[in-house]
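As structure tokens, the structure follows; a few thoughts come after it.
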Amino acid sequence: MERTKMRTGRAGIILSAVLIFGWPVQAIAGNAGESGRALTAADYARAEKFLGANTASLVLRAGVRPNWLPDERFWYRNALAGNASEFILVDPRENTRGPAFDHAALAAALSKASGKAFDGAHLPFAAFAFFPDGRTISFQAEGRTWAFDPKTKTCREVEGGGVPAAAAAAAGDRPPFRGAPESPSPDGRLAAFIRNDNLWVRDVATNAERQLTTDGAKDFGYATDNAGWTRSDRPVLAWSPDSKKIATFQQDQREVGEMYLVETRVGHPVLQAWKYPLPGDEVVTTIQRVVIHLDGPRVVRLKMPPDQHRSTSTDDIKSRGGQFEDVQWSPDGKRLVFVSTSRDHKHEILREADPETGEIRDVFEEKVETFFESGGNWRFLAGSNEILWFSERDGWGQLYLYDLKTGEVKNQVTAGEGFVSRVLRVDETSRVIHFLGMGKEKGRDPYFRHLYRVGFDGRGAALLTPEDADHEVALSPSGRYVVDSYSRPDVPPVAVLRDASGQLLLTLENADISSLLAAGWKPPIPFTIKARDGLTDLYGLMFRPTDFDPAKKYPIVNNIYPGPQSGSVGSRSFTAARGDTQALAELGFVVIQLDGMGTPNRSKKFHEAYYGNMGDNTLPDQVAGMKELAERHPWIDIDRAGIYGHSGGGFAACGAMFRYPDFFKVGVSQAGNHDNRGYEDDWGEKWQGLLVRHPDGTTNYDDQANQNHAKNLKGKLLLAHGTMDGNVPPYLTLLVVDALIRANKDFDLILFPNRGHGFGSEPYMMRRRWDHFVRHLLGVEPPKEYEITASAGPRQR
């Protein structure tokens, strides 16, 4: 209550802020005087118009996502005006593009069959599949599966058994099984799942279940998914291509420390506890690798010590698609190759296992000074007995070809400046690789993705997508065709069809943003500035109010994400909204996103810029960049600088307020991992290094901890966290709160009861974030308790 009462006297608080910060009184008063009033609900409603929920539907004919058919035709769904849509079918062999079916006829037939009216522009499904006859289509609507015959223009309901498996999957059909999350076999006949810490399989056709392991136990289960910061009931495994074997592990967490969160409720609270290893723990999670043969079944343990719970691409052992990371089978299922990663990510060993005996052979290893990453870009080439390997040993992300028998390098495949970001296709017959690369084209934004082709021997390298833009590509199953959607942050997408040589065959779509522009939207402004060293180019985006007036002075707000696994800007492709950056700018700010040194997709030196010093958080680059922008643009008021971020961005935003207290005047820190000694082990030990305790009691983790710098706060800081955040525990924010209290510092705190990690885009958090900057950086009063809704209309309590 006292805090609420204090806020009623806002003018006094603003005056106090001027005295404490040393801000020029003219800057605050001048801005408030220019507006002549407090901001209103109408101002917030105008800002809300530019949130993604309100702008996404204004971009039409964008985002072509091909659904490939066995004959290399493909279909995609187009968004049209008025929430309408259409399905397009493309035949690359004939260079034709047209409706996938008669939309009006299907709507009429479905209306007649279901007893509910539909129209062809608003069909009640988003996916479909062809029957083997090539014309009848299957789709799911109204909770039922239907078949439409375009020849007879009739629609009939189809029982599950009458739909081809591929059609049922594409149409959205689900099997009747409603048990634990599953991992389907390649042939689609079986599905693996976990029950009581053991691995089971289910026959998809009959639902008959079979137990594969019997000795799984609590905290020592098979295929269990728990990295501490993320966990699920879905099994982590790799099926052999013939669906006869499963490569997985028995995960040992028996002596690993636990994390605790308590649900807020009336009556007794509910405790959640699970294994969550931390940097420096003597015991962390390990895995004991096994191959499970379904004939029997029988379990073959690989003859090696337990492996660390690590991978070459993420801070987990499963990929984003849920597959067992760094494990690859030969096509015949008789050979298994995998990579073992050391606890500190500095030592990789590629190994081959015999699935029958469990015998292991070390093929080759790579050691680095800081951290190793493959980005998931290595491949087991069983046909030629080779390994395609990713390494940054020459300073850039390159591909190398190894002899699997000898473990020797045969040749370097890619070379020169630039980064191999993703291997898309490896053709062992033609010995050609297709990959996405970044930074290989001089004079272009180094974050633009381009498609390239190169031979195994490094010859014949070719750029296949020449336009100066960011390219999202999808290759056909044979690799003969490419769907390429290219755009920039400020230029809408064009989708085209190319052949394997990059030759343009057909223009598919030109995105229509006329409605977006009519709504007043303006694109972000790309910019380039120099890094902390005064030499390295850094790239970012700037957002200004749509009624921007160069005669005015605008506070500058930095929306930060410091990495090290990603950056602030994210994709360089076109999007109608990037979080709430444009919405916040609309309230009277210049908002920027800037990728600083220490973020990925550049050189190795660039990425490891602050290895072992996570408190850096790219902040020297953010400050240098903001100052340079202010020197270029007199309408930026550098004396009114703010910053906000979520998760790693919350860590950085809070650190900015403590480490640069005379520069950053206002900050919002959400869900920050403020001291990585309390965050998951894989993250801290990869980017900060293994925890080292010195004789004087200090550690190499002390400086990165935000609470150790809290006494420096001068500005207006808002902290926020979800009380059930199982990714970044809320205790990390409470460490900062405790330090601020001990230092007798004023600050604001919001705890979101029972929320997890993703509360940052919740309307309440967004509104409080806007209020914080409006009140303390813009110097005017926000509308009282404005409610952000799904629509753009203003609503106040």
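Labels for the structure tokens follow display order: chains A, B, ..., residues from 1 in each chain, ligands from 1.
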
Problem - range 68-72 of chain A environment, 10 Å, only C-alpha atoms, sequence neighbours closer than 2 positions dropped, as a ChimeraX atom specification - result: /A:65-66,74-76,89-93,129-130,134,474-481

Exercise for the section: Name the residues in contact with Glu472 in chain A at a cut-off of 7 Å, using only C-alpha atoms, excluding same-chain residues fewer than 2 positions from it; report them as a ChimeraX atom specification. Expected result: /A:470,484-486

Take the selection from the previous step and output its residues with all heavy atoms, as an mmCIF file, in the first residue's frame.
data_model
loop_
_atom_site.group_PDB
_atom_site.id
_atom_site.type_symbol
_atom_site.label_atom_id
_atom_site.label_comp_id
_atom_site.auth_asym_id
_atom_site.auth_seq_id
_atom_site.Cartn_x
_atom_site.Cartn_y
_atom_site.Cartn_z
ATOM 1 N N ASP A 470 17.987 -12.233 -47.007
ATOM 2 C CA ASP A 470 18.030 -13.440 -46.189
ATOM 3 C C ASP A 470 17.138 -14.490 -46.838
ATOM 4 O O ASP A 470 15.979 -14.221 -47.166
ATOM 5 C CB ASP A 470 17.530 -13.130 -44.780
ATOM 6 C CG ASP A 470 17.626 -14.334 -43.863
ATOM 7 O OD1 ASP A 470 18.753 -14.784 -43.598
ATOM 8 O OD2 ASP A 470 16.567 -14.832 -43.418
ATOM 9 N N ASP A 484 12.551 -21.098 -52.381
ATOM 10 C CA ASP A 484 13.371 -20.046 -51.774
ATOM 11 C C ASP A 484 12.496 -18.833 -51.487
ATOM 12 O O ASP A 484 11.934 -18.235 -52.401
ATOM 13 C CB ASP A 484 14.517 -19.677 -52.728
ATOM 14 C CG ASP A 484 15.325 -18.479 -52.258
ATOM 15 O OD1 ASP A 484 15.279 -18.167 -51.059
ATOM 16 O OD2 ASP A 484 16.006 -17.859 -53.101
ATOM 17 N N SER A 485 12.362 -18.494 -50.217
ATOM 18 C CA SER A 485 11.636 -17.290 -49.820
ATOM 19 C C SER A 485 12.652 -16.306 -49.266
ATOM 20 O O SER A 485 13.256 -16.552 -48.227
ATOM 21 C CB SER A 485 10.580 -17.627 -48.758
ATOM 22 O OG SER A 485 9.863 -16.468 -48.383
ATOM 23 N N TYR A 486 12.867 -15.215 -49.990
ATOM 24 C CA TYR A 486 13.898 -14.274 -49.561
ATOM 25 C C TYR A 486 13.295 -12.913 -49.215
ATOM 26 O O TYR A 486 12.311 -12.460 -49.802
ATOM 27 C CB TYR A 486 15.000 -14.140 -50.615
ATOM 28 C CG TYR A 486 14.577 -13.652 -51.980
ATOM 29 C CD1 TYR A 486 14.550 -12.292 -52.273
ATOM 30 C CD2 TYR A 486 14.241 -14.556 -52.990
ATOM 31 C CE1 TYR A 486 14.185 -11.833 -53.534
ATOM 32 C CE2 TYR A 486 13.873 -14.114 -54.251
ATOM 33 C CZ TYR A 486 13.846 -12.748 -54.517
ATOM 34 O OH TYR A 486 13.475 -12.300 -55.756
#

Handout entry: Pairwise distance for CA of Thr370 in chain A and CA of Glu608 in chain A, rounded to one decimal in Å
Key = 7.3 Å

Practice task
For each of A:Gly520, A:Pro181, A:Pro600, A:Pro241, take the minimum atom-to-atom distance to Arg195 in chain A, counting only C-alpha atoms, then give the residue where this is smallest.
Solution key: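 Closest residue, counting only C-alpha atoms: A:Pro181.
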
Practice task
Enumerate, as a list of chain:residue names, the complete set of residues in range 84-294 of chain A that a backbone-based DSSP assignment places in helix (DSSP H, G or I).
Solution key: A:His103, A:Ala104, A:Ala105, A:Leu106, A:Ala107, A:Ala108, A:Ala109, A:Leu110, A:Ser111, A:Lys112, A:Ala113, A:Ser114, A:Gly160, A:Gly161, A:Gly162, A:Ala165, A:Ala166, A:Ala167, A:Ala168, A:Ala169, A:Ala170, A:Ala171

Practice task
Go ahead and compute the interatomic distance for CA of Leu424 in chain A and CA of Arg231 in chain A, in Å to one decimal.
Solution key: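 Result for CA of Leu424 in chain A versus CA of Arg231 in chain A: 28.0 Å, one decimal.
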
Practice task
Please provide the set of residues having any atom within 6 Å of Asp725 in chain A, restricted to only C-alpha atoms, with same-chain residues fewer than 4 positions apart removed, written as a list in words.
Solution key: Pro729, Gly756 and His757 of chain A

Output the selection as an mmCIF file, in the first residue's frame - all heavy atoms for each residue.
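And here is the file that came out, part-v1.cif:
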data_model
loop_
_atom_site.group_PDB
_atom_site.id
_atom_site.type_symbol
_atom_site.label_atom_id
_atom_site.label_comp_id
_atom_site.auth_asym_id
_atom_site.auth_seq_id
_atom_site.Cartn_x
_atom_site.Cartn_y
_atom_site.Cartn_z
ATOM 1 N N PRO A 729 15.475 -20.423 -12.396
ATOM 2 C CA PRO A 729 14.773 -20.388 -11.108
ATOM 3 C C PRO A 729 14.621 -18.961 -10.578
ATOM 4 O O PRO A 729 15.521 -18.124 -10.724
ATOM 5 C CB PRO A 729 15.668 -21.225 -10.195
ATOM 6 C CG PRO A 729 16.422 -22.122 -11.123
ATOM 7 C CD PRO A 729 16.655 -21.303 -12.355
ATOM 8 N N GLY A 756 5.662 -19.791 -15.510
ATOM 9 C CA GLY A 756 6.942 -20.350 -15.885
ATOM 10 C C GLY A 756 7.842 -19.282 -16.476
ATOM 11 O O GLY A 756 7.787 -18.104 -16.100
ATOM 12 N N HIS A 757 8.636 -19.676 -17.453
ATOM 13 C CA HIS A 757 9.663 -18.779 -17.983
ATOM 14 C C HIS A 757 9.123 -17.776 -18.999
ATOM 15 O O HIS A 757 9.753 -16.761 -19.251
ATOM 16 C CB HIS A 757 10.763 -19.627 -18.624
ATOM 17 C CG HIS A 757 12.020 -18.873 -18.934
ATOM 18 N ND1 HIS A 757 12.759 -18.213 -17.969
ATOM 19 C CD2 HIS A 757 12.677 -18.658 -20.109
ATOM 20 C CE1 HIS A 757 13.810 -17.635 -18.533
ATOM 21 N NE2 HIS A 757 13.784 -17.893 -19.823
#

Practice task
Would you mind listing what lies within 8 Å of range 616-632 of chain A as a list in words, with only C-alpha atoms counted and same-chain residues fewer than 4 positions away left out?
Solution key: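 Everything that qualifies: Ile529, Lys530, Ala531, Arg532, Ile556, Asn558, Pro562, Gly563, Leu594, Gly596, Met597, Gly598, Tyr610, Ile636, Asp637, Ile638, Ala652, Gly655, Ala656, Phe663 and Gln704 of chain A.
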
Restricted to N, CA, C and O atoms, what would the selected residues look like written as a short mmCIF file (atom, residue, chain, number, x, y, z; two decimals), in the first residue's frame?
data_model
loop_
_atom_site.label_atom_id
_atom_site.label_comp_id
_atom_site.auth_asym_id
_atom_site.auth_seq_id
_atom_site.Cartn_x
_atom_site.Cartn_y
_atom_site.Cartn_z
N ILE A 529 27.24 -0.24 -36.89
CA ILE A 529 28.10 0.62 -36.05
C ILE A 529 29.38 -0.16 -35.73
O ILE A 529 29.51 -1.32 -36.09
N LYS A 530 30.31 0.48 -35.07
CA LYS A 530 31.55 -0.16 -34.67
C LYS A 530 31.43 -0.73 -33.26
O LYS A 530 30.77 -0.16 -32.39
N ALA A 531 32.12 -1.84 -33.04
CA ALA A 531 32.12 -2.49 -31.74
C ALA A 531 33.03 -1.75 -30.78
O ALA A 531 33.62 -0.71 -31.09
N ARG A 532 33.18 -2.32 -29.61
CA ARG A 532 34.01 -1.75 -28.56
C ARG A 532 35.44 -1.49 -29.00
O ARG A 532 36.12 -0.59 -28.48
N ILE A 556 16.34 6.70 -25.94
CA ILE A 556 16.72 5.49 -26.66
C ILE A 556 16.64 4.30 -25.70
O ILE A 556 17.14 4.36 -24.58
N ASN A 558 17.21 0.07 -25.40
CA ASN A 558 17.88 -1.09 -25.98
C ASN A 558 17.15 -2.36 -25.57
O ASN A 558 17.02 -2.66 -24.39
N PRO A 562 21.95 -11.09 -25.03
CA PRO A 562 23.40 -11.07 -25.21
C PRO A 562 24.01 -12.35 -25.75
O PRO A 562 25.22 -12.41 -25.97
N GLY A 563 23.19 -13.39 -25.90
CA GLY A 563 23.78 -14.67 -26.28
C GLY A 563 24.20 -15.42 -25.03
O GLY A 563 23.62 -15.26 -23.97
N LEU A 594 20.69 -4.84 -31.13
CA LEU A 594 22.06 -4.85 -31.64
C LEU A 594 22.75 -6.15 -31.25
O LEU A 594 22.76 -6.52 -30.08
N GLY A 596 25.92 -7.84 -30.38
CA GLY A 596 27.26 -7.48 -29.97
C GLY A 596 28.24 -8.62 -30.11
O GLY A 596 27.89 -9.75 -30.47
N MET A 597 29.49 -8.34 -29.82
CA MET A 597 30.53 -9.37 -29.86
C MET A 597 30.28 -10.38 -28.75
O MET A 597 29.95 -10.02 -27.63
N GLY A 598 30.43 -11.66 -29.11
CA GLY A 598 30.12 -12.74 -28.18
C GLY A 598 28.88 -13.50 -28.59
O GLY A 598 28.50 -14.48 -27.94
N TYR A 610 33.66 -12.84 -25.17
CA TYR A 610 33.62 -12.71 -23.71
C TYR A 610 33.52 -14.07 -23.02
O TYR A 610 32.97 -14.19 -21.93
N ILE A 636 18.32 11.58 -31.20
CA ILE A 636 18.47 10.61 -30.11
C ILE A 636 19.03 11.34 -28.90
O ILE A 636 20.08 11.98 -28.96
N ASP A 637 18.32 11.25 -27.76
CA ASP A 637 18.77 11.85 -26.51
C ASP A 637 19.54 10.78 -25.73
O ASP A 637 18.94 9.97 -25.01
N ILE A 638 20.84 10.76 -25.86
CA ILE A 638 21.66 9.73 -25.25
C ILE A 638 21.69 9.85 -23.72
O ILE A 638 22.07 8.90 -23.03
N ALA A 652 21.36 -9.45 -18.69
CA ALA A 652 22.13 -8.34 -19.26
C ALA A 652 21.55 -6.98 -18.89
O ALA A 652 22.30 -6.04 -18.58
N GLY A 655 22.48 -6.25 -15.38
CA GLY A 655 23.91 -5.95 -15.35
C GLY A 655 24.23 -4.58 -15.90
O GLY A 655 25.13 -3.89 -15.41
N ALA A 656 23.48 -4.17 -16.92
CA ALA A 656 23.70 -2.84 -17.50
C ALA A 656 23.42 -1.75 -16.48
O ALA A 656 24.15 -0.76 -16.40
N PHE A 663 25.07 5.63 -17.36
CA PHE A 663 24.63 5.64 -18.75
C PHE A 663 23.17 5.18 -18.86
O PHE A 663 22.34 5.86 -19.45
N GLN A 704 30.60 -12.36 -12.57
CA GLN A 704 29.43 -12.40 -13.43
C GLN A 704 28.13 -12.26 -12.65
O GLN A 704 27.08 -11.97 -13.22
#

Handout entry: Gap from CA of Asn613 in chain A to CA of Ser421 in chain A - Å, one decimal
Key =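 Atom-to-atom, CA of Asn613 in chain A and CA of Ser421 in chain A are spaced 25.1 Å apart.
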